[in-house]
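Enquirer: A single structure is presented below for examination.
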Amino acid sequence: MKKKGSGEVAKRIIAITILSVMLVAVLSGCFQSNDKGNGIVAVIDGREITQEEFNKYLYASDSLYSNDTDFTAEQMNQFLEYFINEELFYTEALKQGIEVNQELIDEQFDEYKKTVLELHFDNNQSTFNSRMRNLGLDEEYLKEQIIVRNVVITEFIEKLREEVQPVSSSDVQSFYDENVDEIFTHDEMRTIRHILVKSEDVAKALLKRLQAGEDFAELAVAYSTDAGTAANGGILDPAEEKNYVEPFGEVAFSLEIGELSDVVQTQHGFHILEVLEIEPAGVRELDGELAEQIFGYLNNQNKENVVVNLLNDLREKANVEKKLG
């Protein structure tokens, strides 16, 4: 397996966490209460998950960072679903021969601990150790639960995604044809540029300068507080009227090309608008740019679907009995 740098640990941990959140709804159950005894909370293909084991999972996943050990029944249910999904993925990944070397694990754990200490413990190792002791955790458990399992699962998921065949041009065409009315048909669209400031007096002063012939783009760069557009002269992406807040949209769609608006106040501040281009209502053609966008969307969907479908299959085949509550 290709070795990956320790700097990727945060991204990889976040990725598997997001995956768990995405998939938690699959076959989720309902539990009554937060039982903190030592009973059995679940049985997964004959393996009994004790309350003690589940508590450690809860504490490593949440309490270590929040210092909160009280969970509602809904939260317990959600975390149990995370646990079951991860357990099934991890077991399947090992069956498929996914493994990571110890050097990689050590590197990623060091990076993980460094990040946790900085974000949650003000770089105080003693406080971190004390919190772990209070929760019944240690570094070996964290290394196994947070790093080993997540890295193996993530490697497995990446392998699944890499094996998905890319969509064809005919797939792109079919998607376009099936969605042309709903997605690719639009009302009149306009390309607008604007200057946004916090003060009406400043806006009025800038409007006078524009009316006197000063360059709109230069003033936008110098004065606009819209961080997303100021650098490119205040230009917004083409959009329909419904995409703008009011009265911005109403004013923008009442102007002629090249015409300056009066000062327009919205919830964001005070604007000066100018219309650069008007595109009549119509259907967006399937040009190269749109085809590339659809291609990327369909490929991503297929890669996510293969993961979701596998989890559904694993959950269907597994003998899972939940006893929490």
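Each chain in the structure tokens gets a letter, A, B and so on, in the order shown; residues start at 1 in every chain, and ligands are counted from 1 in the order they appear.
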Enumerate, as an MDAnalysis selection string, the complete set of residues in stretch 34-109 of chain A that a backbone-based DSSP assignment places in helix (DSSP H, G or I).

Expert: chainID A and resid 51:66 73:95 102:109

Enquirer: What's the 7 Å shell around stretch 186-197 of chain A, counting only C-alpha atoms, without same-chain residues fewer than 3 positions away, as a PyMOL selection string?

Expert: chain A and resi 203+220+224-226+234-240+269-283

Enquirer: I need the residue nearest A:Lys143 from this list: A:Gln102, A:Gln75, A:Asn179, A:Ser169. Use only C-alpha atoms for the distance.

Expert: A:Gln102

Enquirer: Using only C-alpha atoms, can you tell me which of A:Tyr65, A:Gln173, A:Glu48, A:Glu178 comes closest to A:Asp122?

Expert: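 Of the candidates, the smallest distance to A:Asp122 is held by A:Tyr65.
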
Enquirer: Leaving out A:Lys303 and any residue of its chain fewer than 6 positions from it, which residues lie within 12 Å of it when counting only C-alpha atoms, given as a PDB file with C-alpha atoms, in the first residue's frame?

Expert:
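Result went into around-v9.pdb, see below:
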ATOM      1  CA  ILE A 157     -13.486   3.354   0.953  1.00  0.00           C
ATOM      2  CA  GLU A 158     -10.894   5.060  -1.244  1.00  0.00           C
ATOM      3  CA  LYS A 159     -10.181   1.715  -2.909  1.00  0.00           C
ATOM      4  CA  LEU A 160     -13.895   1.184  -3.558  1.00  0.00           C
ATOM      5  CA  ARG A 161     -14.207   4.635  -5.095  1.00  0.00           C
ATOM      6  CA  GLU A 162     -11.124   4.205  -7.253  1.00  0.00           C
ATOM      7  CA  GLU A 163     -12.595   1.037  -8.761  1.00  0.00           C
ATOM      8  CA  VAL A 164     -15.775   2.789  -9.938  1.00  0.00           C
ATOM      9  CA  GLN A 165     -15.784   3.126 -13.705  1.00  0.00           C
ATOM     10  CA  PRO A 166     -16.140   6.715 -14.971  1.00  0.00           C
ATOM     11  CA  VAL A 167     -19.393   7.662 -16.620  1.00  0.00           C
ATOM     12  CA  GLY A 296     -18.028  15.362 -12.297  1.00  0.00           C
ATOM     13  CA  TYR A 297     -21.390  15.252 -10.543  1.00  0.00           C
ATOM     14  CA  ASN A 309     -24.745   0.225  -1.380  1.00  0.00           C
ATOM     15  CA  LEU A 310     -21.979  -1.749   0.296  1.00  0.00           C
TER      16      LEU A 310
END

Enquirer: Determine which residues of stretch 2-224 of chain A receive a DSSP assignment of strand (DSSP E), computed from the backbone, and state them as a list of chain:residue names.

Expert: A:Ile40, A:Val41, A:Ala42, A:Val43, A:Ile44, A:Arg47, A:Glu48, A:Ile49, A:Thr50, A:Thr185, A:His186, A:Met189, A:Arg190, A:Thr191, A:Ile192, A:Arg193, A:His194, A:Ile195, A:Leu196, A:Val197

Enquirer: Write the selection just made, keeping N, CA, C and O atoms, as a CSV table (one decimal), in the first residue's frame?

Expert:
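Result written to again_34.csv:
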chain,number,residue,atom,x,y,z
A,40,ILE,N,-25.1,-5.6,27.9
A,40,ILE,CA,-24.8,-5.7,26.4
A,40,ILE,C,-25.6,-4.7,25.7
A,40,ILE,O,-26.8,-4.6,25.8
A,41,VAL,N,-25.0,-3.8,24.8
A,41,VAL,CA,-25.7,-2.8,24.1
A,41,VAL,C,-26.0,-3.3,22.7
A,41,VAL,O,-26.9,-2.8,22.0
A,42,ALA,N,-25.2,-4.3,22.2
A,42,ALA,CA,-25.5,-4.8,20.8
A,42,ALA,C,-24.7,-6.1,20.6
A,42,ALA,O,-23.7,-6.3,21.3
A,43,VAL,N,-25.2,-6.9,19.7
A,43,VAL,CA,-24.5,-8.1,19.3
A,43,VAL,C,-24.3,-8.0,17.8
A,43,VAL,O,-25.3,-7.9,17.0
A,44,ILE,N,-23.1,-8.0,17.3
A,44,ILE,CA,-22.8,-7.9,15.9
A,44,ILE,C,-22.2,-9.2,15.4
A,44,ILE,O,-21.0,-9.5,15.7
A,47,ARG,N,-20.6,-11.1,18.1
A,47,ARG,CA,-19.7,-10.4,19.0
A,47,ARG,C,-20.5,-9.5,19.9
A,47,ARG,O,-21.2,-8.5,19.4
A,48,GLU,N,-20.4,-9.7,21.2
A,48,GLU,CA,-21.2,-8.8,22.2
A,48,GLU,C,-20.4,-7.5,22.4
A,48,GLU,O,-19.2,-7.5,22.7
A,49,ILE,N,-21.2,-6.4,22.3
A,49,ILE,CA,-20.6,-5.1,22.6
A,49,ILE,C,-21.1,-4.7,23.9
A,49,ILE,O,-22.3,-4.5,24.1
A,50,THR,N,-20.2,-4.7,24.9
A,50,THR,CA,-20.6,-4.3,26.3
A,50,THR,C,-20.8,-2.8,26.4
A,50,THR,O,-20.3,-2.0,25.6
A,185,THR,N,-33.3,24.7,-17.7
A,185,THR,CA,-34.1,25.7,-18.2
A,185,THR,C,-34.2,26.9,-17.2
A,185,THR,O,-34.4,26.7,-16.0
A,186,HIS,N,-34.0,28.1,-17.7
A,186,HIS,CA,-33.8,29.2,-16.8
A,186,HIS,C,-34.6,30.4,-17.3
A,186,HIS,O,-34.9,30.6,-18.5
A,189,MET,N,-31.5,35.8,-17.2
A,189,MET,CA,-30.3,35.9,-16.3
A,189,MET,C,-29.6,37.2,-16.6
A,189,MET,O,-29.5,37.6,-17.8
A,190,ARG,N,-29.0,37.8,-15.6
A,190,ARG,CA,-28.2,39.0,-15.7
A,190,ARG,C,-26.9,38.9,-15.0
A,190,ARG,O,-26.8,38.3,-13.9
A,191,THR,N,-25.9,39.4,-15.7
A,191,THR,CA,-24.6,39.6,-15.0
A,191,THR,C,-24.5,41.0,-14.5
A,191,THR,O,-24.6,42.0,-15.2
A,192,ILE,N,-24.4,41.0,-13.1
A,192,ILE,CA,-24.4,42.3,-12.4
A,192,ILE,C,-23.0,42.5,-11.8
A,192,ILE,O,-22.4,41.6,-11.3
A,193,ARG,N,-22.6,43.8,-11.7
A,193,ARG,CA,-21.5,44.1,-10.8
A,193,ARG,C,-22.0,45.2,-9.8
A,193,ARG,O,-22.9,45.9,-10.1
A,194,HIS,N,-21.4,45.1,-8.6
A,194,HIS,CA,-21.9,46.0,-7.6
A,194,HIS,C,-20.8,46.4,-6.7
A,194,HIS,O,-19.7,45.8,-6.6
A,195,ILE,N,-21.0,47.5,-6.0
A,195,ILE,CA,-20.1,48.0,-4.9
A,195,ILE,C,-21.0,48.0,-3.6
A,195,ILE,O,-22.1,48.5,-3.6
A,196,LEU,N,-20.5,47.3,-2.6
A,196,LEU,CA,-21.2,47.2,-1.3
A,196,LEU,C,-20.4,47.9,-0.3
A,196,LEU,O,-19.2,47.7,-0.1
A,197,VAL,N,-21.1,48.9,0.5
A,197,VAL,CA,-20.5,49.6,1.6
A,197,VAL,C,-21.4,49.6,2.7
A,197,VAL,O,-22.6,49.3,2.6

Enquirer: Can you measure atom CA of A:Val151 to atom CA of A:Lys114 for me? One decimal in Å is fine.

Expert: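 So the answer is 17.4 Å.
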